[in-house]
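Student: As input, take model-v4.txt (compact mmCIF, C-alpha atoms):
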```txt
# COMPACT_ATOMS: atom_id res chain seq x y z
CA MET A 170 100.44 117.61 102.37
CA PHE A 171 101.41 113.92 102.57
CA PHE A 172 100.72 111.68 105.58
CA ILE A 173 102.57 108.41 106.08
CA ILE A 174 99.92 105.73 106.59
CA ASN A 175 102.05 102.61 106.48
CA ILE A 176 105.69 101.55 106.38
CA GLN A 177 106.38 97.94 105.51
CA THR A 178 109.49 95.93 104.77
CA ARG A 179 109.63 92.98 102.44
CA SER A 180 112.42 91.00 100.89
CA LYS A 181 114.71 93.54 99.22
CA GLN A 182 112.01 96.23 99.41
CA LEU A 183 110.82 99.09 101.54
CA ILE A 184 107.21 100.03 100.85
CA ILE A 185 105.83 103.35 102.07
CA ARG A 186 102.17 104.22 101.66
CA LEU A 187 101.28 107.88 101.72
CA LEU A 188 98.09 109.89 101.65
CA LYS A 189 98.06 113.29 99.98
CA VAL A 190 95.55 115.82 101.28
CA SER A 191 94.68 118.87 99.19
CA GLY A 192 91.75 120.83 97.79
CA THR A 193 89.20 123.37 99.01
CA ARG A 194 87.98 124.06 102.52
CA LYS A 195 84.73 122.17 101.99
CA ASN A 196 86.02 119.22 100.01
CA VAL A 197 89.43 117.76 100.54
CA ASN A 198 90.93 115.52 97.85
CA MET A 199 92.71 112.51 99.24
CA LEU A 200 95.18 110.69 96.99
CA TYR A 201 96.70 107.36 97.92
CA LYS A 202 100.32 106.98 96.88
CA LYS A 203 102.34 103.80 97.11
CA ILE A 204 106.12 104.13 96.87
CA LYS A 205 108.36 101.10 96.55
CA PHE A 206 112.13 101.13 96.92
CA ASN A 207 114.26 98.14 96.04
CA THR A 208 117.88 97.49 96.88
CA MET A 209 119.01 99.28 93.73
CA ASN A 210 117.19 102.44 94.91
CA LYS A 211 114.91 102.38 91.89
CA GLN A 212 111.51 103.81 92.62
CA THR A 213 108.08 102.95 91.27
CA ILE A 214 104.96 104.84 92.20
CA SER A 215 101.31 104.01 91.76
CA GLU A 216 98.42 106.25 92.74
CA LYS A 217 94.81 105.53 93.58
CA LYS A 218 92.17 108.08 94.39
CA ALA A 219 90.95 107.66 97.91
CA GLY A 220 87.93 109.85 97.42
CA ILE A 221 86.64 113.23 98.57
CA VAL A 222 85.81 113.79 102.21
CA PRO A 223 84.62 116.75 104.33
CA GLU A 224 87.45 118.78 105.85
CA LYS A 225 86.48 117.97 109.46
CA TRP A 226 87.19 114.29 108.87
CA VAL A 227 90.73 114.94 107.62
CA TRP A 228 91.89 115.86 111.13
CA VAL A 229 90.24 112.79 112.63
CA PHE A 230 91.81 110.67 109.93
CA SER A 231 95.19 112.36 110.42
CA LEU A 232 95.21 111.51 114.13
CA ALA A 233 94.34 107.91 113.31
CA ILE A 234 97.20 107.83 110.79
CA VAL A 235 99.71 109.05 113.35
CA LEU A 236 98.59 106.47 115.92
CA PHE A 237 98.55 103.70 113.34
CA THR A 238 102.00 104.59 112.02
CA PHE A 239 103.47 104.72 115.54
CA ASN A 240 101.91 101.37 116.38
CA SER A 241 103.10 99.80 113.10
CA CYS A 242 106.66 101.00 113.59
CA SER A 243 106.86 99.91 117.22
CA GLN A 244 105.30 96.49 116.78
CA SER A 245 106.38 95.47 113.29
CA LYS A 246 107.46 91.88 112.85
CA PRO A 247 109.18 90.11 109.96
CA LEU A 248 106.74 88.73 107.44
CA ALA A 249 106.37 84.96 107.36
CA THR A 250 107.95 83.20 104.39
CA ALA A 251 105.32 81.83 102.04
CA HIS A 252 105.32 78.15 101.17
CA PRO A 253 107.10 77.65 97.82
CA SER A 254 104.71 77.52 94.88
CA GLN A 255 104.59 74.69 92.38
CA TYR A 256 104.17 76.94 89.33
CA GLU A 257 106.94 78.32 87.15
CA TYR A 258 106.19 81.44 85.12
CA THR A 259 107.87 82.28 81.83
CA THR A 260 107.28 84.86 79.09
CA ILE A 261 106.09 83.55 75.75
CA ALA A 262 105.52 86.89 73.97
CA GLY A 263 106.15 90.59 74.46
CA SER A 264 108.55 92.88 76.29
CA GLU A 265 108.18 96.66 76.10
CA ALA A 266 105.01 98.32 74.82
CA GLY A 267 104.77 98.36 71.05
CA HIS A 268 103.35 96.72 67.97
CA LEU A 269 105.42 94.10 66.17
CA ASP A 270 104.59 90.66 64.82
CA GLY A 271 107.03 87.76 64.71
CA PRO A 272 108.57 85.23 67.11
CA GLY A 273 107.43 85.62 70.70
CA ASN A 274 110.83 86.80 71.96
CA LYS A 275 110.82 89.64 69.41
CA ALA A 276 107.11 90.47 69.14
CA LEU A 277 105.74 93.55 70.87
CA LEU A 278 102.29 93.98 72.42
CA TYR A 279 100.50 96.94 73.94
CA SER A 280 98.06 96.45 76.81
CA PRO A 281 96.92 92.84 76.29
CA GLU A 282 93.70 92.46 78.32
CA GLY A 283 91.81 89.39 77.09
CA ILE A 284 93.12 85.89 76.40
CA THR A 285 91.64 82.56 75.31
CA VAL A 286 93.06 79.23 74.12
CA ASP A 287 91.69 76.57 71.80
CA SER A 288 92.17 72.79 71.94
CA LYS A 289 95.15 72.97 69.55
CA GLY A 290 97.09 75.39 71.72
CA ASN A 291 96.46 78.54 69.71
CA LEU A 292 96.21 81.64 71.88
CA PHE A 293 94.10 84.65 70.96
CA VAL A 294 94.65 87.98 72.67
CA THR A 295 92.82 91.30 72.62
CA GLU A 296 94.82 94.49 72.92
CA TYR A 297 92.72 97.19 74.52
CA ARG A 298 94.86 100.16 73.54
CA THR A 299 95.53 99.16 69.94
CA SER A 300 92.04 97.67 69.41
CA ILE A 301 93.19 94.53 67.63
CA VAL A 302 92.99 90.75 68.05
CA ARG A 303 96.33 88.94 68.00
CA LYS A 304 97.07 85.26 67.48
CA ILE A 305 99.94 83.35 69.09
CA SER A 306 100.54 80.02 67.41
CA PRO A 307 101.79 76.97 69.36
CA ASP A 308 105.31 77.67 68.02
CA GLY A 309 105.17 81.16 69.57
CA THR A 310 104.65 83.18 66.39
CA VAL A 311 102.63 86.35 66.99
CA SER A 312 100.42 87.84 64.27
CA VAL A 313 97.43 90.16 63.91
CA LEU A 314 94.27 88.20 63.21
CA ALA A 315 91.85 91.10 62.87
CA GLY A 316 91.83 94.88 63.13
CA LYS A 317 94.44 97.53 62.52
CA ALA A 318 96.54 98.89 65.38
CA MET A 319 95.41 102.24 66.77
CA GLU A 320 92.55 102.56 64.29
CA LEU A 321 89.23 102.32 66.13
CA GLY A 322 85.85 101.67 64.53
CA ASP A 323 83.08 99.13 64.07
CA THR A 324 83.64 97.87 60.52
CA ASP A 325 82.66 94.30 59.78
CA ALA A 326 85.27 92.95 57.37
CA LYS A 327 88.18 90.55 57.11
CA GLY A 328 91.59 90.91 58.72
CA ALA A 329 93.13 94.37 58.68
CA ALA A 330 89.98 95.89 57.16
CA ALA A 331 87.93 95.12 60.30
CA ARG A 332 87.77 97.56 63.19
CA PHE A 333 87.21 97.27 66.95
CA SER A 334 86.86 99.83 69.73
CA ARG A 335 88.62 98.75 72.93
CA PRO A 336 88.07 94.96 72.86
CA HIS A 337 88.45 93.06 76.12
CA GLY A 338 87.29 89.50 76.92
CA LEU A 339 86.99 86.76 74.32
CA VAL A 340 86.31 83.03 74.09
CA ALA A 341 87.28 80.44 71.46
CA VAL A 342 84.55 77.99 70.45
CA GLY A 343 85.02 74.78 68.46
CA ASP A 344 88.47 75.66 67.09
CA SER A 345 86.88 77.71 64.33
CA VAL A 346 85.36 80.84 65.80
CA MET A 347 85.68 83.19 68.76
CA TYR A 348 83.44 85.80 70.32
CA VAL A 349 84.88 89.13 71.42
CA CYS A 350 83.56 91.73 73.86
CA ASP A 351 83.92 94.96 71.86
CA MET A 352 83.53 97.27 74.85
CA LYS A 353 83.22 100.77 73.43
CA ASN A 354 81.07 99.63 70.53
CA PHE A 355 78.68 97.95 73.04
CA THR A 356 78.65 94.79 70.93
CA ILE A 357 79.73 91.16 70.81
CA ARG A 358 81.74 90.46 67.67
CA LYS A 359 82.18 87.09 65.96
CA VAL A 360 85.65 86.39 64.56
CA LEU A 361 86.42 83.42 62.34
CA TYR A 362 89.87 81.88 62.26
CA ASP A 363 90.48 83.44 58.84
CA GLY A 364 90.00 86.89 60.41
CA THR A 365 86.46 87.55 59.18
CA VAL A 366 84.64 89.81 61.67
CA THR A 367 80.88 90.32 61.99
CA THR A 368 78.68 91.91 64.65
CA PHE A 369 77.03 89.03 66.46
CA ALA A 370 75.01 90.78 69.17
CA GLY A 371 74.19 94.31 70.20
CA ILE A 372 73.87 97.52 68.20
CA SER A 373 77.06 99.45 67.55
CA GLY A 374 77.13 102.78 69.35
CA GLU A 375 73.89 102.12 71.20
CA GLU A 376 74.34 101.50 74.90
CA GLY A 377 71.51 99.86 76.82
CA SER A 378 70.11 96.77 78.50
CA LEU A 379 67.43 95.60 76.09
CA ASP A 380 66.79 91.86 75.89
CA GLY A 381 65.53 90.16 72.74
CA TYR A 382 67.02 88.78 69.56
CA ARG A 383 70.79 89.21 69.52
CA THR A 384 70.99 91.83 66.75
CA LYS A 385 68.30 93.96 68.42
CA SER A 386 69.52 93.66 72.00
CA THR A 387 71.75 96.24 73.68
CA PHE A 388 74.70 96.03 76.09
CA SER A 389 76.86 98.37 78.17
CA GLN A 390 80.62 97.82 77.97
CA THR A 391 80.88 94.07 78.25
CA GLU A 392 84.21 92.84 79.62
CA ALA A 393 84.10 89.03 79.62
CA ILE A 394 82.39 86.14 77.86
CA ALA A 395 82.23 82.34 78.26
CA VAL A 396 80.43 79.40 76.68
CA ASN A 397 78.70 76.42 78.31
CA SER A 398 78.35 72.81 77.14
CA LYS A 399 75.16 73.62 75.19
CA GLY A 400 76.72 76.41 73.15
CA ASP A 401 75.04 79.21 75.10
CA LEU A 402 77.16 82.31 75.62
CA PHE A 403 77.24 84.17 78.93
CA VAL A 404 78.41 87.76 79.11
CA ALA A 405 79.62 89.90 82.00
CA ASP A 406 77.73 93.07 81.04
CA SER A 407 79.95 95.00 83.37
CA TYR A 408 78.56 98.52 83.26
CA ASN A 409 75.01 97.24 83.45
CA PHE A 410 76.04 95.20 86.54
CA THR A 411 74.34 92.13 85.06
CA ILE A 412 75.05 88.71 83.61
CA ARG A 413 73.48 88.25 80.18
CA LYS A 414 72.79 85.03 78.32
CA ILE A 415 72.87 84.61 74.55
CA SER A 416 71.13 81.33 73.86
CA ALA A 417 72.12 79.13 70.95
CA ASN A 418 68.89 80.26 69.23
CA GLY A 419 70.10 83.88 69.34
CA MET A 420 67.86 85.20 72.09
CA VAL A 421 69.43 87.49 74.70
CA SER A 422 68.14 87.52 78.27
CA THR A 423 69.29 88.85 81.64
CA LEU A 424 70.28 85.88 83.77
CA ALA A 425 71.11 87.73 87.00
CA GLY A 426 71.37 91.23 88.38
CA VAL A 427 69.48 94.45 87.71
CA ALA A 428 70.59 96.84 84.98
CA LYS A 429 72.29 99.98 86.30
CA LYS A 430 71.81 98.87 89.92
CA PRO A 431 75.17 98.07 91.51
CA GLY A 432 75.21 96.34 94.88
CA TYR A 433 75.69 93.11 96.73
CA ALA A 434 72.99 90.51 97.18
CA ASP A 435 72.73 86.77 96.67
CA GLY A 436 69.55 85.38 95.17
CA THR A 437 68.00 84.25 91.92
CA GLY A 438 67.67 86.42 88.85
CA ALA A 439 66.81 90.04 89.65
CA ASP A 440 67.16 89.38 93.38
CA ALA A 441 70.93 89.16 92.94
CA LEU A 442 73.16 92.24 92.64
CA PHE A 443 76.74 92.71 91.39
CA ASN A 444 79.30 95.53 91.52
CA LYS A 445 80.70 95.05 88.92
CA PRO A 446 81.11 91.70 87.13
CA LEU A 447 84.39 91.77 85.19
CA GLY A 448 85.37 88.13 84.69
CA ILE A 449 83.40 85.00 83.86
CA ALA A 450 84.18 81.27 83.56
CA ILE A 451 82.12 78.07 83.31
CA ASP A 452 83.00 74.62 84.66
CA GLY A 453 82.18 71.16 83.29
CA ASN A 454 78.80 71.13 85.07
CA ASP A 455 77.81 74.49 83.57
CA ASN A 456 78.22 76.35 86.85
CA ILE A 457 79.21 79.97 86.20
CA TYR A 458 81.85 81.79 88.24
CA ILE A 459 82.04 85.57 88.28
CA ALA A 460 84.88 87.87 89.32
CA ASP A 461 82.74 90.57 90.94
CA CYS A 462 84.82 93.69 91.57
CA ASP A 463 85.10 97.31 90.48
CA TYR A 464 88.59 97.63 89.05
CA ASP A 465 88.33 101.36 88.27
CA GLY A 466 86.06 102.58 91.07
CA GLU A 467 86.82 103.64 94.62
CA GLY A 468 86.83 100.88 97.18
CA GLY A 469 87.10 98.04 94.68
CA GLY A 470 83.42 97.06 94.64
CA ASN A 471 82.55 93.68 96.09
CA CYS A 472 85.94 91.95 95.55
CA LEU A 473 84.25 88.54 95.46
CA ILE A 474 83.98 85.38 93.45
CA ARG A 475 80.30 84.63 92.85
CA LYS A 476 78.75 81.38 91.63
CA ILE A 477 75.65 80.98 89.47
CA THR A 478 74.06 77.54 89.14
CA PRO A 479 72.55 76.40 85.83
CA GLY A 480 69.21 77.25 87.43
CA GLY A 481 70.26 80.87 87.93
CA LYS A 482 70.84 80.95 91.69
CA VAL A 483 73.62 83.35 92.71
CA THR A 484 75.72 82.75 95.82
CA THR A 485 78.96 84.15 97.19
CA PHE A 486 81.58 81.50 96.51
CA ALA A 487 84.73 83.14 97.85
CA GLY A 488 85.83 86.32 99.54
CA ILE A 489 84.49 88.79 102.08
CA PRO A 490 82.07 91.40 100.65
CA LYS A 491 83.61 94.84 100.12
CA SER A 492 86.83 93.83 101.82
CA PRO A 493 89.75 94.10 99.37
CA GLY A 494 93.03 92.61 100.50
CA HIS A 495 95.19 89.51 100.37
CA LYS A 496 94.44 86.53 102.55
CA ASP A 497 94.74 82.84 101.69
CA GLY A 498 92.86 80.01 103.37
CA ASN A 499 89.25 78.90 103.39
CA ARG A 500 87.34 80.47 100.50
CA LYS A 501 84.80 82.10 102.80
CA LYS A 502 87.51 83.90 104.76
CA ALA A 503 89.89 84.68 101.89
CA GLN A 504 90.41 88.19 100.56
CA PHE A 505 90.98 89.37 97.00
CA ASP A 506 92.06 92.74 95.63
CA ARG A 507 89.99 93.55 92.55
CA PRO A 508 90.31 90.25 90.66
CA VAL A 509 89.41 90.70 86.98
CA GLY A 510 90.51 87.47 85.30
CA ILE A 511 89.03 84.07 86.10
CA THR A 512 89.23 80.62 84.54
CA VAL A 513 88.11 77.19 85.70
CA THR A 514 88.96 73.62 84.79
CA SER A 515 86.24 71.18 83.82
CA ASP A 516 86.41 69.60 87.28
CA GLY A 517 86.12 72.88 89.17
CA ILE A 518 89.61 74.18 90.00
CA ILE A 519 89.55 77.97 89.74
CA TYR A 520 92.47 80.24 88.82
CA LEU A 521 92.36 84.00 89.22
CA ALA A 522 94.27 86.98 87.96
CA ASP A 523 94.01 89.03 91.14
CA THR A 524 94.62 92.22 89.24
CA GLU A 525 95.21 95.01 91.74
CA ALA A 526 97.10 92.60 93.98
CA ASP A 527 99.46 91.66 91.10
CA LEU A 528 98.96 87.98 91.94
CA ILE A 529 97.85 84.65 90.52
CA ARG A 530 95.53 82.80 92.92
CA LYS A 531 94.05 79.30 92.99
CA ILE A 532 90.90 77.90 94.57
CA ASP A 533 91.06 74.11 94.76
CA LYS A 534 88.14 71.69 94.79
CA LYS A 535 88.08 71.74 98.60
CA GLY A 536 87.66 75.52 98.65
CA ASN A 537 91.19 76.38 99.75
CA VAL A 538 92.59 79.63 98.36
CA THR A 539 96.34 79.87 97.75
CA THR A 540 98.65 82.37 96.08
CA ILE A 541 100.58 80.58 93.35
CA GLY A 542 102.31 83.47 91.61
CA GLY A 543 103.65 86.91 92.43
CA THR A 544 104.00 88.93 95.63
CA TYR A 545 101.23 91.17 96.95
CA LEU A 546 101.35 94.73 95.54
CA GLU A 547 104.78 94.26 93.96
CA GLU A 548 103.89 95.55 90.53
CA LYS A 549 106.85 94.79 88.29
CA PHE A 550 108.17 92.08 85.95
CA ALA A 551 110.09 88.90 86.67
CA ASP A 552 109.91 85.32 85.48
CA GLY A 553 110.48 82.59 88.02
CA MET A 554 108.91 80.15 90.45
CA GLY A 555 105.81 81.14 92.41
CA SER A 556 106.45 84.15 94.62
CA GLU A 557 109.68 84.93 92.74
CA ALA A 558 107.63 85.89 89.67
CA ARG A 559 106.22 89.40 89.32
CA PHE A 560 103.15 90.69 87.49
CA ALA A 561 101.73 94.13 86.75
CA ASP A 562 97.93 94.29 86.82
CA PRO A 563 97.29 90.95 85.06
CA GLN A 564 93.76 91.21 83.70
CA SER A 565 93.00 87.83 82.14
CA ILE A 566 93.90 84.20 82.66
CA VAL A 567 93.01 80.96 80.90
CA VAL A 568 93.85 77.31 81.54
CA ASP A 569 94.29 74.80 78.72
CA LYS A 570 93.37 71.11 78.62
CA ASN A 571 96.80 70.20 80.05
CA GLY A 572 96.48 72.50 83.06
CA ILE A 573 98.90 75.11 81.71
CA LEU A 574 98.04 78.70 82.62
CA TYR A 575 98.26 81.62 80.21
CA ILE A 576 98.11 85.15 81.57
CA ALA A 577 97.59 88.53 79.93
CA ASP A 578 100.10 90.51 82.03
CA THR A 579 98.61 93.82 81.00
CA PHE A 580 100.91 96.54 82.31
CA ASN A 581 103.98 94.45 81.51
CA ASN A 582 102.77 94.13 77.90
CA ARG A 583 103.50 90.41 77.97
CA ILE A 584 101.82 87.03 77.71
CA ARG A 585 103.00 84.76 80.50
CA LYS A 586 102.87 80.99 80.87
CA GLY A 587 102.43 79.16 84.17
CA THR A 588 103.50 75.51 84.31
CA LYS A 589 103.01 73.24 87.31
CA LYS A 590 106.27 71.62 88.43
```
Using the file provided, produce a representation of the structure as structure tokens.
Tutor:
Amino acid sequence: MFFIINIQTRSKQLIIRLLKVSGTRKNVNMLYKKIKFNTMNKQTISEKKAGIVPEKWVWVFSLAIVLFTFNSCSQSKPLATAHPSQYEYTTIAGSEAGHLDGPGNKALLYSPEGITVDSKGNLFVTEYRTSIVRKISPDGTVSVLAGKAMELGDTDAKGAAARFSRPHGLVAVGDSVMYVCDMKNFTIRKVLYDGTVTTFAGISGEEGSLDGYRTKSTFSQTEAIAVNSKGDLFVADSYNFTIRKISANGMVSTLAGVAKKPGYADGTGADALFNKPLGIAIDGNDNIYIADCDYDGEGGGNCLIRKITPGGKVTTFAGIPKSPGHKDGNRKKAQFDRPVGITVTSDGIIYLADTEADLIRKIDKKGNVTTIGGTYLEEKFADGMGSEARFADPQSIVVDKNGILYIADTFNNRIRKGTKK
């Protein structure tokens, strides 16, 4: 049985949100379904599990749905037109899902999830599904730097002989090396610009939270990594719900959070809790910013941007705890919908890939949050200015020295470029 829980009109679209109720007498499965119709009558559907609830609550919830729907239909008002954005978005590589090297307009990618840029304008991209690292040169040429498409493993080697297992975040350091979160191997891999791959930290196949020297430490599905001015690496150890530090001397420590204890709490070190840290970025003063959300779990986790000072103190920088949504304005009152990607300029301007929302967001130095790309929950593809552009679960974003944004537009299988006009 489907219940209508919301009907909403947007420019050239009718969006209907439904809830499907099924299952046994004791436990009723509730499935959230979002249906979008455009003027061409094409239909796209996305589904999210809403969880399992006791049967008695279904009828309470059903009554609330009916009342809410009646109220929404009788009091609906046209949505306000957003202020035009100053960013233009174009595609620099990719189209349909596939695997093909060559010029950006002909190259094919499959599920790009991590992206980083060096000082010369080289882009490096991880493909989660194919388990490879791609390179996009400044002239737009796409090539495979390391790994072999669709062949998973943990082999340390050069180029196509190396293997990864579902790589995600990565960071370029010194225009000569990058560090890659090799999620399903539970390791951090080091990749030279010639394609040579070695295991830098963690033990392949051994999941854990052990601190110590980098080759004897253990991790649990790391998703993002960043470097500070001293050469220390910081890792979003996502499934441990912690932030780990790999010092320049090779020692691994837990900077904040408690292993395997998800939650929400500000504080220093083990007094702080995350659920779950998926993105990480560091500004010119070595402040760390964390995209703290649960992309795969029910409810979205904390849906916050957290800040960690060089001294290790964790505070909530932006967002409302456990309140996913889309609201611009003052950072303390803004809402985000499972942001995964985060990047920051040296002087503290933050850009977000607000993944579930299908948006690009900005937090300026005064703490104002604005939407600078995409339209909320319109998961599709389009190049264009600001709200005219469309994204599909963008999972990573990086800003170069000139302020140009590069986005791993994951479900569109594209790398996008955002230029301020």
Student: What separation in Å, quoted to one decimal, exists between CA of Gly338 (chain A) and CA of Ser407 (chain A)?
Tutor: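 Atom-to-atom, CA of Gly338 (chain A) and CA of Ser407 (chain A) are spaced 11.2 Å apart.
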Student: Please provide the set of residues having any atom within 7 Å of region 474-490 of chain A, restricted to all atoms listed in the file, with same-chain residues fewer than 6 positions apart removed, written as a list in words.
Tutor: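 Here the answer would be Leu424, Ala425, Asp435, Gly436, Thr437, Gly438, Ala441, Asp455, Asn456, Ile457, Tyr458, Ile459, Ala460, Asp461, Arg500, Lys501, Lys502, Ala503, Gln504 and Phe505 of chain A.
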Student: Near Pro431 (chain A), counting all atoms listed in the file, which residues have an atom at most 8 Å away, once you skip same-chain residues fewer than 4 positions from it, shown as a PyMOL selection string?
Tutor: chain A and resi 410+427+442-445
Student: Using all atoms listed in the file, find each residue in region 249-340 of chain A having at least one atom no more than 7 Å away from region 378-395 of chain A; report its shortest atom-to-atom pair and that distance in Å (one decimal), rows by chain then rising number, as CSV.
Tutor:
```
residue,atom,partner,partner_atom,distance
A:His337,CA,A:Glu392,CA,5.5
A:Gly338,CA,A:Ala393,CA,4.2
A:Leu339,CA,A:Ile394,CA,5.8
A:Val340,CA,A:Ala395,CA,5.9
```
Student: Pick the closest to Gly469 (chain A) from A:Thr310, A:Asn454, A:Thr423, A:Ser492: which is it, counting all atoms listed in the file?
Tutor: A:Ser492
Student: State, in Å with one decimal place, the distance from CA of Ala331 (chain A) to CA of Gly316 (chain A).
Tutor: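 Distance reported for this atom pair: 4.8 Å.
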Student: Would you please work out which residue, of A:Glu376, A:Asp287, A:Glu320, A:Asp552, is nearest to Tyr362 (chain A) when using all atoms listed in the file?
Tutor: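 The closest residue to Tyr362 (chain A) is A:Asp287.
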